[in-house]
Amino acid sequence: MKEQIASVQEAAMQQISSILNMKSLEDARVSILGKKGSLTQLQQGMRTVSKEDKPAIGALLNEARAIMTAALDMRRDQIQLELDEQAVADIDITLPGATLPMGGLHPITIVKEEAVRVLRRMGFSLSDGPEIEDEWHCFDALNTPADHPARNEKDTFYFDSGKLLRTQTSTVQARTMEKQSPPIRIICPGSAFRRDAIDATHLSAFNQIEGLYVAKDVSVGELKGTLEYFLKALFGTETSVRFRPHFFPFTEPSFEIDVLLQAAGQQPRWIEIAGCGMVNPAVFENIDQARGTDIYAGCTGFAFGIGLERLAMIRWGIRDIRLLIENDQRFLAQFQ
Ligand code: DAH
């Protein structure tokens with residue numbers, strides 16, 4: 001029996017060492033260790049072994065099974081390793097991997113952050129107000145009477161409750177003056193909404209950045225200097241800027257600011273990017289009256305409201321404002 005075990009073991013070890021693939025490995029496992037395998041058959045021969053030899057023979061058989069199982073496992077690992085090596089043999093691991101597309105900031109966000117950075121450096125701090133507003137903050141406080149065309153149903157999105165989507169970020173002027181005391185120096189970037197027909201320079205939901213400076217003896221020169229500095233910091237010192245007299249109920253005198261847009265393939269043209277002016281004393285009176293104070297008596301100030309989409313158009317020479325809301329990757333990918 002001992003010799004039989006030794007010869008089965010030797011034959012099995014030889015068979016295992018010549019195996020080249022998984023299929024013959026499995027066949028070998030069955031033919032050695034399987035139900036009818038050579039070793040299993042030897043084990044069945046235990047019945048004929050004498051009582052006193054049984055422990056020693058049994059131990060030998062168990063040992064043989066352990067050795068062959070280990071040899072089969074080792075051969076399997078070797079074959080698997082060879083297979084793995086072959087599988088990657090043709091792959092150039094020094095090639096750069098496929099990059100995942102990364103998102104980026106929307107041009108409006110980029111320009112908003114740049115504008116806020118410049119204005120904060122000039123001493124303005126951030127203020128805020130709601131997009132769903134009441135008529136008082138959007139119009140009355142800002143000296144815009146009930147019969148003013150901007151309040152018309154055709155121009156403003158009203159809710160049944162009488163509230164409205166703010167038509168301008170100027171609402172934040174009123175809200176800030178209600179809460180703070182002069183001197184005030186704030187900016188507020190935010191969305192505004194109008195029932196405008198959409199075209200190459202108008203959207204019905206758009207973004208502005210509002211500014212308000214209230215102190216004593218503020219001059220038109222400071223207003224002009226501040227905004228010119230701001231625009232040149234944003235677009236470069238060569239930027240062409242012009243101030244045109246205009247009318248806004250909450251400023252007196254008032255101006256519109258135009259900047260020259262130089263879009264590829266188009267004649268340069270002036271586009272209006274902001275309204276501004278010296279705070280109308282009627283606004284100070286409205287706020288004081290609402291607060292029951294006279295802290296704005298003797299104050300002067302300037303205010304401005306800049307269109308962020310328009311700034312983006314000038315910054316990158318964008319010919320049509322609608323490109324900014326179409327979410328076309330071919331357009332947006334340029335800003336990433
Ligand atoms: N709110 C005006 C608009 O949306 C822009 C504006 C004009 C803002 C003059 C101001 C200002 O603060 O002083 O058309």
# chains A, B, ... in the order shown; residues from 1 in each chain; ligands from 1
$ select_by_dssp --residues "stretch 66-312 of chain A" --states "strand (DSSP E or B)" --output "ChimeraX atom specification"
/A:125-126,132-133,158,164-165,184-193,199,202,205-215,241-248,251-261,269-279,300-307
$ residues_near_ligand --ligand "ligand 1" --cutoff "6 Å" --atoms "only C-alpha atoms and all ligand atoms" --output "PDB file with N, CA, C and O atoms, in the first residue's frame"
ATOM      1  N   GLN A 168     -35.756  94.595 -10.723  1.00  0.00           N
ATOM      2  CA  GLN A 168     -34.420  95.191 -10.639  1.00  0.00           C
ATOM      3  C   GLN A 168     -33.839  94.868  -9.257  1.00  0.00           C
ATOM      4  O   GLN A 168     -34.580  94.681  -8.291  1.00  0.00           O
ATOM      5  N   SER A 170     -32.387  96.950  -7.596  1.00  0.00           N
ATOM      6  CA  SER A 170     -32.450  98.210  -6.832  1.00  0.00           C
ATOM      7  C   SER A 170     -33.283  98.070  -5.560  1.00  0.00           C
ATOM      8  O   SER A 170     -33.156  98.870  -4.631  1.00  0.00           O
ATOM      9  N   GLU A 210     -26.087  95.391  -8.185  1.00  0.00           N
ATOM     10  CA  GLU A 210     -26.517  96.707  -7.725  1.00  0.00           C
ATOM     11  C   GLU A 210     -25.440  97.284  -6.828  1.00  0.00           C
ATOM     12  O   GLU A 210     -24.724  96.537  -6.143  1.00  0.00           O
ATOM     13  N   PHE A 248     -34.073 107.931 -14.374  1.00  0.00           N
ATOM     14  CA  PHE A 248     -34.544 106.881 -13.461  1.00  0.00           C
ATOM     15  C   PHE A 248     -35.226 107.602 -12.311  1.00  0.00           C
ATOM     16  O   PHE A 248     -34.732 108.639 -11.854  1.00  0.00           O
ATOM     17  N   THR A 251     -32.956 108.187  -9.085  1.00  0.00           N
ATOM     18  CA  THR A 251     -31.704 108.964  -9.117  1.00  0.00           C
ATOM     19  C   THR A 251     -31.936 110.274  -9.848  1.00  0.00           C
ATOM     20  O   THR A 251     -32.777 110.369 -10.735  1.00  0.00           O
ATOM     21  N   GLY A 275     -27.307 101.342 -15.474  1.00  0.00           N
ATOM     22  CA  GLY A 275     -27.930 102.619 -15.163  1.00  0.00           C
ATOM     23  C   GLY A 275     -27.298 103.108 -13.875  1.00  0.00           C
ATOM     24  O   GLY A 275     -26.834 102.304 -13.059  1.00  0.00           O
ATOM     25  N   CYS A 276     -27.268 104.408 -13.699  1.00  0.00           N
ATOM     26  CA  CYS A 276     -26.669 104.921 -12.467  1.00  0.00           C
ATOM     27  C   CYS A 276     -27.120 106.363 -12.242  1.00  0.00           C
ATOM     28  O   CYS A 276     -27.770 106.963 -13.093  1.00  0.00           O
ATOM     29  N   GLY A 277     -26.773 106.889 -11.107  1.00  0.00           N
ATOM     30  CA  GLY A 277     -27.113 108.286 -10.858  1.00  0.00           C
ATOM     31  C   GLY A 277     -26.914 108.633  -9.399  1.00  0.00           C
ATOM     32  O   GLY A 277     -26.467 107.810  -8.595  1.00  0.00           O
ATOM     33  N   ALA A 303     -25.869 105.530  -6.894  1.00  0.00           N
ATOM     34  CA  ALA A 303     -26.299 104.140  -7.023  1.00  0.00           C
ATOM     35  C   ALA A 303     -26.068 103.707  -8.456  1.00  0.00           C
ATOM     36  O   ALA A 303     -25.995 104.539  -9.367  1.00  0.00           O
ATOM     37  N   PHE A 304     -25.927 102.417  -8.629  1.00  0.00           N
ATOM     38  CA  PHE A 304     -25.787 101.895  -9.992  1.00  0.00           C
ATOM     39  C   PHE A 304     -26.352 100.480 -10.060  1.00  0.00           C
ATOM     40  O   PHE A 304     -26.420  99.767  -9.051  1.00  0.00           O
ATOM     41  N   GLY A 305     -26.795 100.100 -11.262  1.00  0.00           N
ATOM     42  CA  GLY A 305     -27.261  98.734 -11.495  1.00  0.00           C
ATOM     43  C   GLY A 305     -26.682  98.273 -12.820  1.00  0.00           C
ATOM     44  O   GLY A 305     -26.927  98.892 -13.857  1.00  0.00           O
TER      45      GLY A 305
END
$ select_by_dssp --residues "stretch 83-307 of chain A" --states "helix (DSSP H, G or I)" --output "JSON, numbers by chain"
{"A": [83, 84, 85, 86, 87, 88, 107, 108, 109, 110, 111, 112, 113, 114, 115, 116, 117, 118, 119, 120, 121, 135, 136, 137, 138, 139, 140, 149, 150, 151, 171, 172, 173, 174, 175, 176, 177, 178, 179, 220, 221, 222, 223, 224, 225, 226, 227, 228, 229, 230, 231, 232, 233, 234, 235, 281, 282, 283, 284, 285, 286, 287, 288, 289, 290, 291]}
$ residues_around --residues "A:Leu261" --least-positions-apart "3" --cutoff "12 Å" --atoms "only C-alpha atoms" --output "list in words"
Thr201, Phe235, Thr239, Ser240, Val241, Asp258, Ala264, Gly265, Gln266, Gln267, Pro268, Arg269, Trp270, Ile271, Glu272, Ile273, Arg310, Leu311, Ala312, Met313, Ile314, Arg315, Trp316, Gly317, Ile318, Arg319 and Asp320 of chain A
$ closest_residue --among "A:Gln180, A:Ala233, A:Asp288, A:Arg175" --to "A:Val116" --atoms "only C-alpha atoms"
A:Ala233
$ residues_around --residues "A:Phe230" --least-positions-apart "6" --cutoff "8 Å" --atoms "only C-alpha atoms" --output "PyMOL selection string"
chain A and resi 115+118-119
$ write_last_selection --atoms "N, CA, C and O atoms" --output "CSV table (one decimal), in the first residue's frame"
chain,number,residue,atom,x,y,z
A,115,ALA,N,-16.6,90.8,-10.9
A,115,ALA,CA,-17.1,92.1,-10.5
A,115,ALA,C,-17.2,92.3,-9.0
A,115,ALA,O,-16.8,93.3,-8.5
A,118,VAL,N,-13.7,93.0,-7.6
A,118,VAL,CA,-13.2,94.4,-7.9
A,118,VAL,C,-13.9,95.4,-6.9
A,118,VAL,O,-13.2,96.2,-6.3
A,119,LEU,N,-15.2,95.2,-6.8
A,119,LEU,CA,-16.0,96.2,-6.0
A,119,LEU,C,-15.7,96.0,-4.5
A,119,LEU,O,-15.6,97.0,-3.8
$ closest_residue --among "A:Phe243, A:Leu95, A:Gly34, A:Tyr296" --to "A:Gly225" --atoms "only C-alpha atoms"
A:Phe243
$ residues_around --residues "A:Phe157" --least-positions-apart "4" --cutoff "10 Å" --atoms "only C-alpha atoms" --output "short mmCIF file (atom, residue, chain, number, x, y, z; two decimals) with N, CA and C atoms, in the first residue's frame"
data_model
loop_
_atom_site.label_atom_id
_atom_site.label_comp_id
_atom_site.auth_asym_id
_atom_site.auth_seq_id
_atom_site.Cartn_x
_atom_site.Cartn_y
_atom_site.Cartn_z
N ILE A 132 -38.64 87.45 -4.67
CA ILE A 132 -40.08 87.72 -4.61
C ILE A 132 -40.26 88.91 -3.69
N ARG A 151 -44.38 99.56 -13.77
CA ARG A 151 -45.25 98.82 -12.85
C ARG A 151 -46.39 98.12 -13.58
N ASN A 152 -46.46 98.37 -14.89
CA ASN A 152 -47.55 97.82 -15.67
C ASN A 152 -47.53 96.29 -15.66
N GLU A 153 -48.74 95.70 -15.70
CA GLU A 153 -48.84 94.23 -15.74
C GLU A 153 -48.10 93.65 -16.94
N GLY A 162 -50.28 89.97 -4.90
CA GLY A 162 -49.83 91.36 -5.04
C GLY A 162 -48.32 91.46 -5.01
N LYS A 163 -47.64 90.38 -4.60
CA LYS A 163 -46.18 90.38 -4.67
C LYS A 163 -45.74 90.23 -6.12
N LEU A 164 -44.46 90.38 -6.35
CA LEU A 164 -43.97 90.34 -7.73
C LEU A 164 -42.56 89.80 -7.78
N LEU A 165 -42.13 89.37 -8.97
CA LEU A 165 -40.71 89.03 -9.16
C LEU A 165 -39.98 90.35 -9.37
N ARG A 166 -38.97 90.62 -8.56
CA ARG A 166 -38.35 91.95 -8.64
C ARG A 166 -37.87 92.23 -10.06
N THR A 167 -38.12 93.44 -10.51
CA THR A 167 -37.74 93.82 -11.87
C THR A 167 -36.32 94.39 -11.90
N PHE A 193 -36.31 90.09 -13.07
CA PHE A 193 -37.25 89.47 -14.00
C PHE A 193 -38.16 90.52 -14.63
N ARG A 194 -38.32 90.44 -15.95
CA ARG A 194 -39.23 91.37 -16.63
C ARG A 194 -39.93 90.64 -17.75
N ARG A 195 -41.17 91.13 -18.05
CA ARG A 195 -41.89 90.53 -19.18
C ARG A 195 -41.37 91.10 -20.48
N SER A 204 -35.81 87.55 -20.19
CA SER A 204 -36.85 87.91 -19.21
C SER A 204 -36.40 87.56 -17.79
#
$ closest_residue --among "A:Ser127, A:Ile325, A:Asp155, A:Met102" --to "A:Gly211" --atoms "only C-alpha atoms"
A:Ser127
$ closest_residue --among "A:Asn62, A:Ser219, A:Thr156, A:Gln80" --to "A:Glu135" --atoms "only C-alpha atoms"
A:Thr156
$ atom_distance --atom1 "atom CA of A:Leu39" --atom2 "atom CA of A:Gln78"
23.4 Å
$ closest_residue --among "A:Pro281, A:Pro253, A:Gly58, A:Pro189" --to "A:Glu113" --atoms "only C-alpha atoms"
A:Pro189
$ residues_around --residues "A:Pro182" --least-positions-apart "6" --cutoff "10 Å" --atoms "only C-alpha atoms" --output "mmCIF file with all heavy atoms, in the first residue's frame"
data_model
loop_
_atom_site.group_PDB
_atom_site.id
_atom_site.type_symbol
_atom_site.label_atom_id
_atom_site.label_comp_id
_atom_site.auth_asym_id
_atom_site.auth_seq_id
_atom_site.Cartn_x
_atom_site.Cartn_y
_atom_site.Cartn_z
ATOM 1 N N TYR A 213 -23.907 103.833 -2.585
ATOM 2 C CA TYR A 213 -22.966 104.502 -1.688
ATOM 3 C C TYR A 213 -23.684 105.714 -1.111
ATOM 4 O O TYR A 213 -24.154 106.572 -1.858
ATOM 5 C CB TYR A 213 -21.711 104.915 -2.472
ATOM 6 C CG TYR A 213 -20.712 105.737 -1.682
ATOM 7 C CD1 TYR A 213 -20.407 105.420 -0.352
ATOM 8 C CD2 TYR A 213 -20.051 106.816 -2.259
ATOM 9 C CE1 TYR A 213 -19.485 106.165 0.365
ATOM 10 C CE2 TYR A 213 -19.120 107.568 -1.552
ATOM 11 C CZ TYR A 213 -18.847 107.233 -0.233
ATOM 12 O OH TYR A 213 -17.945 107.974 0.478
ATOM 13 N N VAL A 214 -23.818 105.764 0.197
ATOM 14 C CA VAL A 214 -24.491 106.894 0.842
ATOM 15 C C VAL A 214 -23.577 107.450 1.924
ATOM 16 O O VAL A 214 -23.073 106.702 2.766
ATOM 17 C CB VAL A 214 -25.823 106.458 1.494
ATOM 18 C CG1 VAL A 214 -26.488 107.651 2.191
ATOM 19 C CG2 VAL A 214 -26.764 105.858 0.466
ATOM 20 N N ALA A 215 -23.346 108.766 1.851
ATOM 21 C CA ALA A 215 -22.507 109.426 2.862
ATOM 22 C C ALA A 215 -22.825 110.919 2.816
ATOM 23 O O ALA A 215 -23.947 111.290 2.458
ATOM 24 C CB ALA A 215 -21.034 109.155 2.575
ATOM 25 N N LYS A 216 -21.865 111.746 3.179
ATOM 26 C CA LYS A 216 -22.050 113.197 3.041
ATOM 27 C C LYS A 216 -21.212 113.673 1.854
ATOM 28 O O LYS A 216 -20.117 113.157 1.619
ATOM 29 C CB LYS A 216 -21.549 113.910 4.311
ATOM 30 C CG LYS A 216 -22.246 113.472 5.586
ATOM 31 C CD LYS A 216 -23.437 114.358 5.899
ATOM 32 C CE LYS A 216 -24.060 113.917 7.215
ATOM 33 N NZ LYS A 216 -25.501 113.892 7.214
ATOM 34 N N ILE A 295 -32.336 110.049 9.695
ATOM 35 C CA ILE A 295 -30.893 109.806 9.599
ATOM 36 C C ILE A 295 -30.338 110.062 8.205
ATOM 37 O O ILE A 295 -29.135 110.185 8.037
ATOM 38 C CB ILE A 295 -30.491 108.371 10.014
ATOM 39 C CG1 ILE A 295 -31.365 107.353 9.306
ATOM 40 C CG2 ILE A 295 -30.517 108.178 11.526
ATOM 41 C CD1 ILE A 295 -30.921 105.919 9.567
ATOM 42 N N TYR A 296 -31.222 110.130 7.193
ATOM 43 C CA TYR A 296 -30.711 110.374 5.839
ATOM 44 C C TYR A 296 -30.771 111.855 5.456
ATOM 45 O O TYR A 296 -30.364 112.220 4.359
ATOM 46 C CB TYR A 296 -31.452 109.506 4.815
ATOM 47 C CG TYR A 296 -31.100 108.037 4.976
ATOM 48 C CD1 TYR A 296 -31.949 107.162 5.637
ATOM 49 C CD2 TYR A 296 -29.877 107.549 4.503
ATOM 50 C CE1 TYR A 296 -31.606 105.829 5.811
ATOM 51 C CE2 TYR A 296 -29.522 106.216 4.674
ATOM 52 C CZ TYR A 296 -30.386 105.359 5.327
ATOM 53 O OH TYR A 296 -30.037 104.051 5.500
ATOM 54 N N CYS A 299 -27.845 113.640 3.686
ATOM 55 C CA CYS A 299 -26.990 112.651 3.008
ATOM 56 C C CYS A 299 -27.062 112.829 1.499
ATOM 57 O O CYS A 299 -28.056 113.299 0.957
ATOM 58 C CB CYS A 299 -27.453 111.228 3.336
ATOM 59 S SG CYS A 299 -26.887 110.641 4.929
ATOM 60 N N THR A 300 -25.995 112.433 0.855
ATOM 61 C CA THR A 300 -26.009 112.314 -0.607
ATOM 62 C C THR A 300 -25.460 110.936 -0.936
ATOM 63 O O THR A 300 -24.896 110.266 -0.074
ATOM 64 C CB THR A 300 -25.120 113.391 -1.280
ATOM 65 O OG1 THR A 300 -23.890 113.448 -0.561
ATOM 66 C CG2 THR A 300 -25.793 114.740 -1.305
ATOM 67 N N GLY A 301 -25.624 110.529 -2.191
ATOM 68 C CA GLY A 301 -25.114 109.198 -2.526
ATOM 69 C C GLY A 301 -25.241 108.927 -4.006
ATOM 70 O O GLY A 301 -25.867 109.697 -4.737
#
$ closest_residue --among "A:Asn280, A:Thr69, A:Gln262, A:Gln4" --to "A:Ala28" --atoms "only C-alpha atoms"
A:Thr69
$ atom_distance --atom1 "atom CA of A:Arg244" --atom2 "atom CA of A:Ser191"
24.7 Å
$ atom_distance --atom1 "atom CA of A:Ser7" --atom2 "atom CA of A:Lys51"
23.0 Å
